[in-house]
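So this block is start_12.pdb, PDB, C-alpha atoms:
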ATOM      1  CA  MET A   1     106.036 151.504 102.735
ATOM      2  CA  ALA A   2     103.568 148.924 103.992
ATOM      3  CA  SER A   3     101.506 147.104 101.390
ATOM      4  CA  PRO A   4      97.721 147.639 101.573
ATOM      5  CA  ALA A   5      95.822 145.070 103.591
ATOM      6  CA  ARG A   6      94.203 142.361 101.508
ATOM      7  CA  ARG A   7      90.428 142.193 101.626
ATOM      8  CA  THR A   8      88.828 139.230 103.296
ATOM      9  CA  GLN A   9      86.677 136.793 101.375
ATOM     10  CA  THR A  10      83.590 138.334 102.996
ATOM     11  CA  GLU A  11      84.656 141.812 101.881
ATOM     12  CA  ARG A  12      85.347 140.599  98.333
ATOM     13  CA  ARG A  13      81.938 138.920  98.155
ATOM     14  CA  ALA A  14      80.192 142.047  99.459
ATOM     15  CA  ALA A  15      81.972 144.170  96.842
ATOM     16  CA  SER A  16      80.951 141.731  94.099
ATOM     17  CA  GLU A  17      77.354 141.792  95.290
ATOM     18  CA  ARG A  18      77.287 145.601  95.218
ATOM     19  CA  LEU A  19      78.739 145.567  91.702
ATOM     20  CA  VAL A  20      76.068 143.170  90.460
ATOM     21  CA  LEU A  21      73.235 144.956  92.270
ATOM     22  CA  ASP A  22      74.278 148.328  90.831
ATOM     23  CA  ALA A  23      74.258 146.825  87.342
ATOM     24  CA  ALA A  24      70.865 145.222  87.964
ATOM     25  CA  ALA A  25      69.459 148.543  89.198
ATOM     26  CA  GLN A  26      70.668 150.293  86.065
ATOM     27  CA  LEU A  27      69.024 147.751  83.777
ATOM     28  CA  ILE A  28      65.787 147.527  85.768
ATOM     29  CA  ALA A  29      65.469 151.315  85.828
ATOM     30  CA  GLU A  30      65.749 151.340  82.035
ATOM     31  CA  ARG A  31      63.681 148.331  81.003
ATOM     32  CA  GLY A  32      62.062 146.552  83.969
ATOM     33  CA  SER A  33      63.080 143.406  85.796
ATOM     34  CA  SER A  34      61.702 140.922  83.245
ATOM     35  CA  LYS A  35      64.141 142.200  80.614
ATOM     36  CA  ALA A  36      67.189 142.265  82.869
ATOM     37  CA  SER A  37      68.686 138.792  82.535
ATOM     38  CA  PHE A  38      71.652 137.501  84.496
ATOM     39  CA  ALA A  39      73.710 137.583  81.300
ATOM     40  CA  GLU A  40      72.861 141.231  80.666
ATOM     41  CA  ILE A  41      73.515 142.149  84.294
ATOM     42  CA  ALA A  42      76.935 140.478  84.117
ATOM     43  CA  ALA A  43      77.743 142.370  80.919
ATOM     44  CA  VAL A  44      76.862 145.735  82.477
ATOM     45  CA  ALA A  45      78.756 144.858  85.674
ATOM     46  CA  GLY A  46      81.796 143.774  83.679
ATOM     47  CA  CYS A  47      82.032 140.517  85.603
ATOM     48  CA  SER A  48      82.062 136.851  84.683
ATOM     49  CA  HIS A  49      78.917 135.462  83.072
ATOM     50  CA  GLY A  50      78.117 133.184  86.001
ATOM     51  CA  LEU A  51      78.806 135.574  88.889
ATOM     52  CA  PRO A  52      75.222 136.895  89.356
ATOM     53  CA  HIS A  53      73.872 133.347  89.565
ATOM     54  CA  TYR A  54      76.701 132.283  91.871
ATOM     55  CA  LEU A  55      76.017 135.181  94.256
ATOM     56  CA  PHE A  56      72.216 135.155  94.290
ATOM     57  CA  GLY A  57      71.093 131.800  92.908
ATOM     58  CA  SER A  58      67.938 133.119  91.281
ATOM     59  CA  LYS A  59      66.452 136.291  89.854
ATOM     60  CA  ALA A  60      63.952 136.387  92.729
ATOM     61  CA  ASN A  61      66.759 136.371  95.294
ATOM     62  CA  LEU A  62      68.581 139.118  93.416
ATOM     63  CA  LEU A  63      65.484 141.365  93.391
ATOM     64  CA  ASP A  64      64.941 140.838  97.121
ATOM     65  CA  ALA A  65      68.599 141.694  97.702
ATOM     66  CA  LEU A  66      68.245 144.817  95.546
ATOM     67  CA  VAL A  67      65.388 146.118  97.715
ATOM     68  CA  ALA A  68      67.374 145.350 100.874
ATOM     69  CA  GLU A  69      70.472 147.068  99.462
ATOM     70  CA  PHE A  70      68.471 150.192  98.631
ATOM     71  CA  ALA A  71      67.027 150.219 102.154
ATOM     72  CA  ASP A  72      70.513 149.952 103.681
ATOM     73  CA  ARG A  73      71.950 152.680 101.463
ATOM     74  CA  PHE A  74      69.002 154.980 102.101
ATOM     75  CA  SER A  75      69.357 154.513 105.848
ATOM     76  CA  GLY A  76      73.125 154.879 105.763
ATOM     77  CA  GLN A  77      73.558 157.736 103.310
ATOM     78  CA  VAL A  78      70.352 159.766 103.358
ATOM     79  CA  VAL A  79      68.882 159.236 106.810
ATOM     80  CA  THR A  80      72.104 159.204 108.843
ATOM     81  CA  GLU A  81      73.615 162.221 107.095
ATOM     82  CA  ALA A  82      70.390 164.224 107.242
ATOM     83  CA  VAL A  83      69.417 163.481 110.827
ATOM     84  CA  GLY A  84      72.749 163.996 112.565
ATOM     85  CA  GLU A  85      71.983 164.746 116.215
ATOM     86  CA  ALA A  86      68.392 165.846 115.553
ATOM     87  CA  THR A  87      65.418 164.106 117.114
ATOM     88  CA  GLY A  88      61.650 164.259 116.851
ATOM     89  CA  LEU A  89      60.152 166.799 114.479
ATOM     90  CA  ARG A  90      63.535 168.186 113.472
ATOM     91  CA  ALA A  91      64.715 164.734 112.399
ATOM     92  CA  LEU A  92      61.541 164.142 110.402
ATOM     93  CA  ARG A  93      61.833 167.539 108.697
ATOM     94  CA  ARG A  94      65.465 166.928 107.757
ATOM     95  CA  VAL A  95      64.893 163.448 106.338
ATOM     96  CA  LEU A  96      61.810 164.507 104.385
ATOM     97  CA  SER A  97      63.717 167.408 102.847
ATOM     98  CA  ALA A  98      66.750 165.219 102.056
ATOM     99  CA  PHE A  99      64.614 162.544 100.443
ATOM    100  CA  VAL A 100      62.750 164.933  98.159
ATOM    101  CA  ARG A 101      65.911 166.846  97.252
ATOM    102  CA  SER A 102      67.657 163.572  96.372
ATOM    103  CA  LEU A 103      65.167 163.197  93.507
ATOM    104  CA  ASP A 104      66.947 166.062  91.737
ATOM    105  CA  ASP A 105      69.701 163.584  90.848
ATOM    106  CA  PRO A 106      68.264 160.174  91.747
ATOM    107  CA  TRP A 107      70.318 157.016  92.108
ATOM    108  CA  PRO A 108      69.619 154.326  89.496
ATOM    109  CA  MET A 109      68.497 152.276  92.511
ATOM    110  CA  THR A 110      65.835 154.878  93.260
ATOM    111  CA  ARG A 111      64.430 154.565  89.758
ATOM    112  CA  ALA A 112      64.659 150.773  89.938
ATOM    113  CA  LEU A 113      62.789 150.760  93.259
ATOM    114  CA  TYR A 114      59.835 152.581  91.744
ATOM    115  CA  VAL A 115      59.819 150.184  88.799
ATOM    116  CA  LEU A 116      59.739 147.235  91.217
ATOM    117  CA  ILE A 117      56.936 148.817  93.249
ATOM    118  CA  GLY A 118      54.869 149.069  90.062
ATOM    119  CA  GLU A 119      55.684 145.501  89.039
ATOM    120  CA  SER A 120      54.725 144.194  92.494
ATOM    121  CA  LEU A 121      51.170 145.419  91.910
ATOM    122  CA  GLY A 122      50.970 143.650  88.562
ATOM    123  CA  PRO A 123      53.127 140.931  87.023
ATOM    124  CA  ALA A 124      55.475 140.356  89.977
ATOM    125  CA  PRO A 125      53.459 140.045  93.224
ATOM    126  CA  ARG A 126      56.226 137.983  94.825
ATOM    127  CA  LEU A 127      58.147 141.256  95.266
ATOM    128  CA  ARG A 128      55.619 142.479  97.813
ATOM    129  CA  PRO A 129      57.104 140.871 100.967
ATOM    130  CA  ALA A 130      60.519 142.536 100.462
ATOM    131  CA  LEU A 131      58.928 145.883  99.592
ATOM    132  CA  ASN A 132      56.487 145.643 102.491
ATOM    133  CA  GLU A 133      59.365 144.965 104.877
ATOM    134  CA  TYR A 134      61.172 148.048 103.571
ATOM    135  CA  HIS A 135      58.079 150.230 103.900
ATOM    136  CA  ASP A 136      57.450 148.875 107.402
ATOM    137  CA  ARG A 137      61.002 149.942 108.262
ATOM    138  CA  LEU A 138      60.425 153.458 106.912
ATOM    139  CA  ARG A 139      57.119 153.862 108.704
ATOM    140  CA  GLY A 140      58.748 152.638 111.907
ATOM    141  CA  MET A 141      61.462 155.314 111.671
ATOM    142  CA  ILE A 142      58.910 158.036 110.995
ATOM    143  CA  CYS A 143      56.670 156.859 113.830
ATOM    144  CA  GLY A 144      59.675 156.847 116.156
ATOM    145  CA  TRP A 145      60.443 160.490 115.370
ATOM    146  CA  ILE A 146      56.802 161.425 115.889
ATOM    147  CA  ASP A 147      56.773 159.681 119.273
ATOM    148  CA  GLU A 148      59.961 161.543 120.238
ATOM    149  CA  GLY A 149      58.395 164.831 119.202
ATOM    150  CA  ILE A 150      55.302 164.142 121.289
ATOM    151  CA  ARG A 151      57.446 163.346 124.334
ATOM    152  CA  ASP A 152      59.481 166.529 123.793
ATOM    153  CA  GLY A 153      56.357 168.646 123.437
ATOM    154  CA  GLU A 154      57.161 169.638 119.822
ATOM    155  CA  ILE A 155      54.355 167.555 118.288
ATOM    156  CA  ARG A 156      50.697 167.547 119.246
ATOM    157  CA  ALA A 157      49.832 164.791 121.695
ATOM    158  CA  ASP A 158      46.755 163.735 119.704
ATOM    159  CA  VAL A 159      48.737 162.740 116.596
ATOM    160  CA  ASP A 160      48.430 159.040 115.685
ATOM    161  CA  GLY A 161      52.056 158.206 114.909
ATOM    162  CA  GLU A 162      51.408 155.047 112.889
ATOM    163  CA  ALA A 163      48.693 156.638 110.762
ATOM    164  CA  TYR A 164      50.694 159.806 110.138
ATOM    165  CA  ALA A 165      53.797 157.790 109.248
ATOM    166  CA  ALA A 166      51.753 156.115 106.502
ATOM    167  CA  LEU A 167      50.613 159.549 105.276
ATOM    168  CA  VAL A 168      54.191 160.848 105.146
ATOM    169  CA  LEU A 169      55.378 157.766 103.252
ATOM    170  CA  GLY A 170      52.461 158.163 100.849
ATOM    171  CA  MET A 171      53.440 161.778 100.216
ATOM    172  CA  VAL A 172      57.061 160.784  99.647
ATOM    173  CA  ARG A 173      56.136 158.012  97.221
ATOM    174  CA  GLY A 174      53.710 160.284  95.353
ATOM    175  CA  ILE A 175      56.303 163.036  94.981
ATOM    176  CA  GLY A 176      58.907 160.508  93.844
ATOM    177  CA  LEU A 177      56.574 159.051  91.232
ATOM    178  CA  GLN A 178      55.746 162.466  89.796
ATOM    179  CA  VAL A 179      59.337 163.710  89.726
ATOM    180  CA  LEU A 180      60.754 160.545  88.169
ATOM    181  CA  SER A 181      57.951 160.454  85.597
ATOM    182  CA  ASP A 182      58.140 164.122  84.574
ATOM    183  CA  PRO A 183      61.197 165.786  86.132
ATOM    184  CA  ASP A 184      61.161 168.874  83.930
ATOM    185  CA  SER A 185      57.727 169.986  85.094
ATOM    186  CA  LEU A 186      58.507 170.108  88.819
ATOM    187  CA  ASP A 187      61.019 172.039  90.912
ATOM    188  CA  VAL A 188      62.443 169.660  93.492
ATOM    189  CA  ALA A 189      63.638 172.357  95.902
ATOM    190  CA  THR A 190      60.170 173.934  95.964
ATOM    191  CA  LEU A 191      58.561 170.529  96.535
ATOM    192  CA  ALA A 192      60.938 169.816  99.414
ATOM    193  CA  ARG A 193      60.068 173.096 101.137
ATOM    194  CA  ALA A 194      56.343 172.547 100.602
ATOM    195  CA  ALA A 195      56.489 169.007 101.989
ATOM    196  CA  VAL A 196      58.410 170.078 105.099
ATOM    197  CA  ASP A 197      56.135 173.080 105.704
ATOM    198  CA  SER A 198      53.031 170.892 105.348
ATOM    199  CA  VAL A 199      54.285 168.364 107.905
ATOM    200  CA  ASP A 200      55.360 171.143 110.249
ATOM    201  CA  ARG A 201      51.916 172.778 110.147
ATOM    202  CA  ASP A 202      50.182 169.440 110.703
ATOM    203  CA  LEU A 203      52.279 168.249 113.610
ATOM    204  CA  ARG A 204      53.669 171.170 115.549
ATOM    205  CA  ALA A 205      52.160 171.602 119.007
TER     206      ALA A 205
END

This entry written out as structure tokens:
Amino acid sequence: MASPARRTQTERRAASERLVLDAAAQLIAERGSSKASFAEIAAVAGCSHGLPHYLFGSKANLLDALVAEFADRFSGQVVTEAVGEATGLRALRRVLSAFVRSLDDPWPMTRALYVLIGESLGPAPRLRPALNEYHDRLRGMICGWIDEGIRDGEIRADVDGEAYAALVLGMVRGIGLQVLSDPDSLDVATLARAAVDSVDRDLRA
């Protein structure tokens, strides 16, 4: 029986980074970034005391990496799985539904992201560039699907893709904030259907 292939140094570093970022997300979701020290992150991750600093160098770098990691996971796990072969309006409907339904059992990273968004508007403005880049990426995907739908004749030709992408992202963020703040008062499945139906009525040609 062949022995399993050994991971490369790059693969080992990537796995260590994911471990530390997951621990950071857990702590930030619970108590905010200012109270999530490298020492506490290392303790939750179960790694050496100096590993977070070795990997990221500073707390600021770690927070930027956390936003980027969430963006990559969202694109890889939520968007890719939801969209499949769909394009245009169908792709937008699927992703919107998948995003809202994911709030029924949110990742710690999802909760941490909302905490960081709030902090960026107050005590931690330096978070804004990383968050703005992520939101630009989301709006770009949404705008792309709208443009596809217009070309395919599914979506009205007079729709401003960039403006409507911002409206969709605003709806998503507003739903996420309400669900994470008071999950017992809202039915996620009903919200997902309402969001998709609203977009469909607005856009369909």

Report as number ranges by chain all protein, DNA and RNA residues lying within 8 Å of segment 61-77 of chain A, evaluated on all atoms listed in the file, omitting residues in the same chain fewer than 6 positions from it.
A: 21, 25, 109-110, 113, 127, 130-131, 134

Export of the given selection (C-alpha atoms) as an mmCIF file, in the frame of the given file:
data_model
loop_
_atom_site.group_PDB
_atom_site.id
_atom_site.type_symbol
_atom_site.label_atom_id
_atom_site.label_comp_id
_atom_site.auth_asym_id
_atom_site.auth_seq_id
_atom_site.Cartn_x
_atom_site.Cartn_y
_atom_site.Cartn_z
ATOM 1 C CA LEU A 21 73.235 144.956 92.270
ATOM 2 C CA ALA A 25 69.459 148.543 89.198
ATOM 3 C CA MET A 109 68.497 152.276 92.511
ATOM 4 C CA THR A 110 65.835 154.878 93.260
ATOM 5 C CA LEU A 113 62.789 150.760 93.259
ATOM 6 C CA LEU A 127 58.147 141.256 95.266
ATOM 7 C CA ALA A 130 60.519 142.536 100.462
ATOM 8 C CA LEU A 131 58.928 145.883 99.592
ATOM 9 C CA TYR A 134 61.172 148.048 103.571
#

A:Ile146, A:Leu51, A:Ala124, A:Ala82 ranked by distance to Ser33 of chain A, top pick (using all atoms listed in the file):
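Looking at the shortest contact to Ser33 of chain A, the residue is A:Ala124.
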
As a check of understanding, name the residues that the PyMOL selection byres ((chain A and resi 157-173) around 10) selects in the supplied structure, as a ChimeraX atom specification.
/A:92,96-97,99-100,114,135-136,138-147,149-151,153-156,174-179,192,195,199,202-205

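Residue nearest Ala39 of chain A, chosen from A:Pro52, A:Gly118, A:Pro106, A:Gly84 and counting only C-alpha atoms: A:Pro52.
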
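Residue membership of the PyMOL selection byres ((chain A and resi 108) around 10) in the shown file amounts to Asp22, Ala23, Ala24, Ala25, Gln26, Leu27, Ile28, Ala29, Glu30, Asp105, Pro106, Trp107, Met109, Thr110, Arg111, Ala112 and Leu113 of chain A.
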
Find, counting all atoms listed in the file, the residue in A:Ser37, A:Thr80, A:Asp104, A:Glu148 that gets nearest to Thr190 of chain A.
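Among the listed residues, the smallest separation from Thr190 of chain A belongs to A:Asp104.
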
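Taking atom CA of Lys59 of chain A as the reference point, atom CA of Ser181 of chain A is found at 26.0 Å.
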
Just give me the gap between atom CA of Leu121 of chain A and atom CA of Leu186 of chain A in Å, one decimal is fine.
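Spanning atom CA of Leu121 of chain A to atom CA of Leu186 of chain A is a straight-line distance of 25.9 Å.
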
Enclose all atoms of segment 171-183 of chain A listed in the file in an axis-aligned box, grow every side by 5 Å, and hand back centre and edge lengths in Å to one decimal, as lines of an AutoDock Vina configuration file.
center_x = 57.3
center_y = 161.9
center_z = 92.4
size_x = 17.8
size_y = 17.8
size_z = 25.6

Please determine, counting all atoms listed in the file, which residue among A:Ala36, A:Ala45, A:Val95, A:Leu19 has the shortest atom-to-atom distance to Val78 of chain A.
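Using all atoms listed in the file, Val78 of chain A sits closest to A:Val95.
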
Name the closest residue to Arg18 of chain A among the candidates A:Ala189, A:Val79, A:Leu55, A:Ala194; distances are taken between atoms, counting all atoms listed in the file.
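Distance minimum relative to Arg18 of chain A lands on A:Leu55.
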
Could you check how far atom CA of Arg201 of chain A sits from atom CA of Ala98 of chain A, in Å to one decimal?
18.5 Å

Reconstructed segment 106-142 of chain A, atom set N, CA and C atoms, as a PDB file, in the frame of the given file:
ATOM      1  N   PRO A 106      68.542 161.458  91.079  1.00  0.00           N
ATOM      2  CA  PRO A 106      68.264 160.174  91.747  1.00  0.00           C
ATOM      3  C   PRO A 106      69.255 159.081  91.384  1.00  0.00           C
ATOM      4  N   TRP A 107      69.523 158.216  92.362  1.00  0.00           N
ATOM      5  CA  TRP A 107      70.318 157.016  92.108  1.00  0.00           C
ATOM      6  C   TRP A 107      69.566 156.136  91.105  1.00  0.00           C
ATOM      7  N   PRO A 108      70.307 155.360  90.295  1.00  0.00           N
ATOM      8  CA  PRO A 108      69.619 154.326  89.496  1.00  0.00           C
ATOM      9  C   PRO A 108      68.788 153.396  90.374  1.00  0.00           C
ATOM     10  N   MET A 109      69.258 153.135  91.609  1.00  0.00           N
ATOM     11  CA  MET A 109      68.497 152.276  92.511  1.00  0.00           C
ATOM     12  C   MET A 109      67.148 152.898  92.876  1.00  0.00           C
ATOM     13  N   THR A 110      67.108 154.222  92.964  1.00  0.00           N
ATOM     14  CA  THR A 110      65.835 154.878  93.260  1.00  0.00           C
ATOM     15  C   THR A 110      64.845 154.625  92.139  1.00  0.00           C
ATOM     16  N   ARG A 111      65.300 154.816  90.911  1.00  0.00           N
ATOM     17  CA  ARG A 111      64.430 154.565  89.758  1.00  0.00           C
ATOM     18  C   ARG A 111      64.014 153.087  89.713  1.00  0.00           C
ATOM     19  N   ALA A 112      64.957 152.204  89.968  1.00  0.00           N
ATOM     20  CA  ALA A 112      64.659 150.773  89.938  1.00  0.00           C
ATOM     21  C   ALA A 112      63.635 150.414  91.006  1.00  0.00           C
ATOM     22  N   LEU A 113      63.734 151.045  92.179  1.00  0.00           N
ATOM     23  CA  LEU A 113      62.789 150.760  93.259  1.00  0.00           C
ATOM     24  C   LEU A 113      61.370 151.088  92.827  1.00  0.00           C
ATOM     25  N   TYR A 114      61.183 152.214  92.184  1.00  0.00           N
ATOM     26  CA  TYR A 114      59.835 152.581  91.744  1.00  0.00           C
ATOM     27  C   TYR A 114      59.327 151.630  90.660  1.00  0.00           C
ATOM     28  N   VAL A 115      60.215 151.180  89.798  1.00  0.00           N
ATOM     29  CA  VAL A 115      59.819 150.184  88.799  1.00  0.00           C
ATOM     30  C   VAL A 115      59.343 148.904  89.496  1.00  0.00           C
ATOM     31  N   LEU A 116      60.096 148.467  90.502  1.00  0.00           N
ATOM     32  CA  LEU A 116      59.739 147.235  91.217  1.00  0.00           C
ATOM     33  C   LEU A 116      58.440 147.401  91.997  1.00  0.00           C
ATOM     34  N   ILE A 117      58.205 148.577  92.558  1.00  0.00           N
ATOM     35  CA  ILE A 117      56.936 148.817  93.249  1.00  0.00           C
ATOM     36  C   ILE A 117      55.775 148.647  92.278  1.00  0.00           C
ATOM     37  N   GLY A 118      55.914 149.224  91.073  1.00  0.00           N
ATOM     38  CA  GLY A 118      54.869 149.069  90.062  1.00  0.00           C
ATOM     39  C   GLY A 118      54.679 147.622  89.650  1.00  0.00           C
ATOM     40  N   GLU A 119      55.774 146.905  89.451  1.00  0.00           N
ATOM     41  CA  GLU A 119      55.684 145.501  89.039  1.00  0.00           C
ATOM     42  C   GLU A 119      55.048 144.645  90.133  1.00  0.00           C
ATOM     43  N   SER A 120      55.274 144.998  91.396  1.00  0.00           N
ATOM     44  CA  SER A 120      54.725 144.194  92.494  1.00  0.00           C
ATOM     45  C   SER A 120      53.197 144.251  92.518  1.00  0.00           C
ATOM     46  N   LEU A 121      52.625 145.287  91.948  1.00  0.00           N
ATOM     47  CA  LEU A 121      51.170 145.419  91.910  1.00  0.00           C
ATOM     48  C   LEU A 121      50.569 144.773  90.664  1.00  0.00           C
ATOM     49  N   GLY A 122      51.441 144.277  89.789  1.00  0.00           N
ATOM     50  CA  GLY A 122      50.970 143.650  88.562  1.00  0.00           C
ATOM     51  C   GLY A 122      51.607 142.298  88.335  1.00  0.00           C
ATOM     52  N   PRO A 123      52.604 142.241  87.440  1.00  0.00           N
ATOM     53  CA  PRO A 123      53.127 140.931  87.023  1.00  0.00           C
ATOM     54  C   PRO A 123      54.063 140.251  88.013  1.00  0.00           C
ATOM     55  N   ALA A 124      54.491 140.951  89.066  1.00  0.00           N
ATOM     56  CA  ALA A 124      55.475 140.356  89.977  1.00  0.00           C
ATOM     57  C   ALA A 124      55.052 140.512  91.434  1.00  0.00           C
ATOM     58  N   PRO A 125      53.931 139.888  91.840  1.00  0.00           N
ATOM     59  CA  PRO A 125      53.459 140.045  93.224  1.00  0.00           C
ATOM     60  C   PRO A 125      54.413 139.473  94.267  1.00  0.00           C
ATOM     61  N   ARG A 126      55.316 138.573  93.854  1.00  0.00           N
ATOM     62  CA  ARG A 126      56.226 137.983  94.825  1.00  0.00           C
ATOM     63  C   ARG A 126      57.219 139.019  95.374  1.00  0.00           C
ATOM     64  N   LEU A 127      57.284 140.202  94.752  1.00  0.00           N
ATOM     65  CA  LEU A 127      58.147 141.256  95.266  1.00  0.00           C
ATOM     66  C   LEU A 127      57.573 141.926  96.508  1.00  0.00           C
ATOM     67  N   ARG A 128      56.288 141.722  96.746  1.00  0.00           N
ATOM     68  CA  ARG A 128      55.619 142.479  97.813  1.00  0.00           C
ATOM     69  C   ARG A 128      56.221 142.264  99.196  1.00  0.00           C
ATOM     70  N   PRO A 129      56.557 141.024  99.611  1.00  0.00           N
ATOM     71  CA  PRO A 129      57.104 140.871 100.967  1.00  0.00           C
ATOM     72  C   PRO A 129      58.348 141.720 101.218  1.00  0.00           C
ATOM     73  N   ALA A 130      59.300 141.742 100.273  1.00  0.00           N
ATOM     74  CA  ALA A 130      60.519 142.536 100.462  1.00  0.00           C
ATOM     75  C   ALA A 130      60.196 144.023 100.498  1.00  0.00           C
ATOM     76  N   LEU A 131      59.301 144.469  99.614  1.00  0.00           N
ATOM     77  CA  LEU A 131      58.928 145.883  99.592  1.00  0.00           C
ATOM     78  C   LEU A 131      58.137 146.257 100.834  1.00  0.00           C
ATOM     79  N   ASN A 132      57.250 145.363 101.275  1.00  0.00           N
ATOM     80  CA  ASN A 132      56.487 145.643 102.491  1.00  0.00           C
ATOM     81  C   ASN A 132      57.400 145.756 103.705  1.00  0.00           C
ATOM     82  N   GLU A 133      58.406 144.897 103.766  1.00  0.00           N
ATOM     83  CA  GLU A 133      59.365 144.965 104.877  1.00  0.00           C
ATOM     84  C   GLU A 133      60.097 146.305 104.877  1.00  0.00           C
ATOM     85  N   TYR A 134      60.487 146.752 103.686  1.00  0.00           N
ATOM     86  CA  TYR A 134      61.172 148.048 103.571  1.00  0.00           C
ATOM     87  C   TYR A 134      60.254 149.186 103.997  1.00  0.00           C
ATOM     88  N   HIS A 135      59.014 149.166 103.534  1.00  0.00           N
ATOM     89  CA  HIS A 135      58.079 150.230 103.900  1.00  0.00           C
ATOM     90  C   HIS A 135      57.734 150.181 105.386  1.00  0.00           C
ATOM     91  N   ASP A 136      57.650 148.992 105.952  1.00  0.00           N
ATOM     92  CA  ASP A 136      57.450 148.875 107.402  1.00  0.00           C
ATOM     93  C   ASP A 136      58.599 149.552 108.148  1.00  0.00           C
ATOM     94  N   ARG A 137      59.808 149.342 107.642  1.00  0.00           N
ATOM     95  CA  ARG A 137      61.002 149.942 108.262  1.00  0.00           C
ATOM     96  C   ARG A 137      60.943 151.468 108.202  1.00  0.00           C
ATOM     97  N   LEU A 138      60.538 152.012 107.054  1.00  0.00           N
ATOM     98  CA  LEU A 138      60.425 153.458 106.912  1.00  0.00           C
ATOM     99  C   LEU A 138      59.350 154.022 107.832  1.00  0.00           C
ATOM    100  N   ARG A 139      58.187 153.374 107.837  1.00  0.00           N
ATOM    101  CA  ARG A 139      57.119 153.862 108.704  1.00  0.00           C
ATOM    102  C   ARG A 139      57.528 153.792 110.174  1.00  0.00           C
ATOM    103  N   GLY A 140      58.273 152.757 110.543  1.00  0.00           N
ATOM    104  CA  GLY A 140      58.748 152.638 111.907  1.00  0.00           C
ATOM    105  C   GLY A 140      59.666 153.787 112.298  1.00  0.00           C
ATOM    106  N   MET A 141      60.578 154.187 111.386  1.00  0.00           N
ATOM    107  CA  MET A 141      61.462 155.314 111.671  1.00  0.00           C
ATOM    108  C   MET A 141      60.660 156.593 111.843  1.00  0.00           C
ATOM    109  N   ILE A 142      59.717 156.821 110.928  1.00  0.00           N
ATOM    110  CA  ILE A 142      58.910 158.036 110.995  1.00  0.00           C
ATOM    111  C   ILE A 142      58.093 158.068 112.278  1.00  0.00           C
TER     112      ILE A 142
END
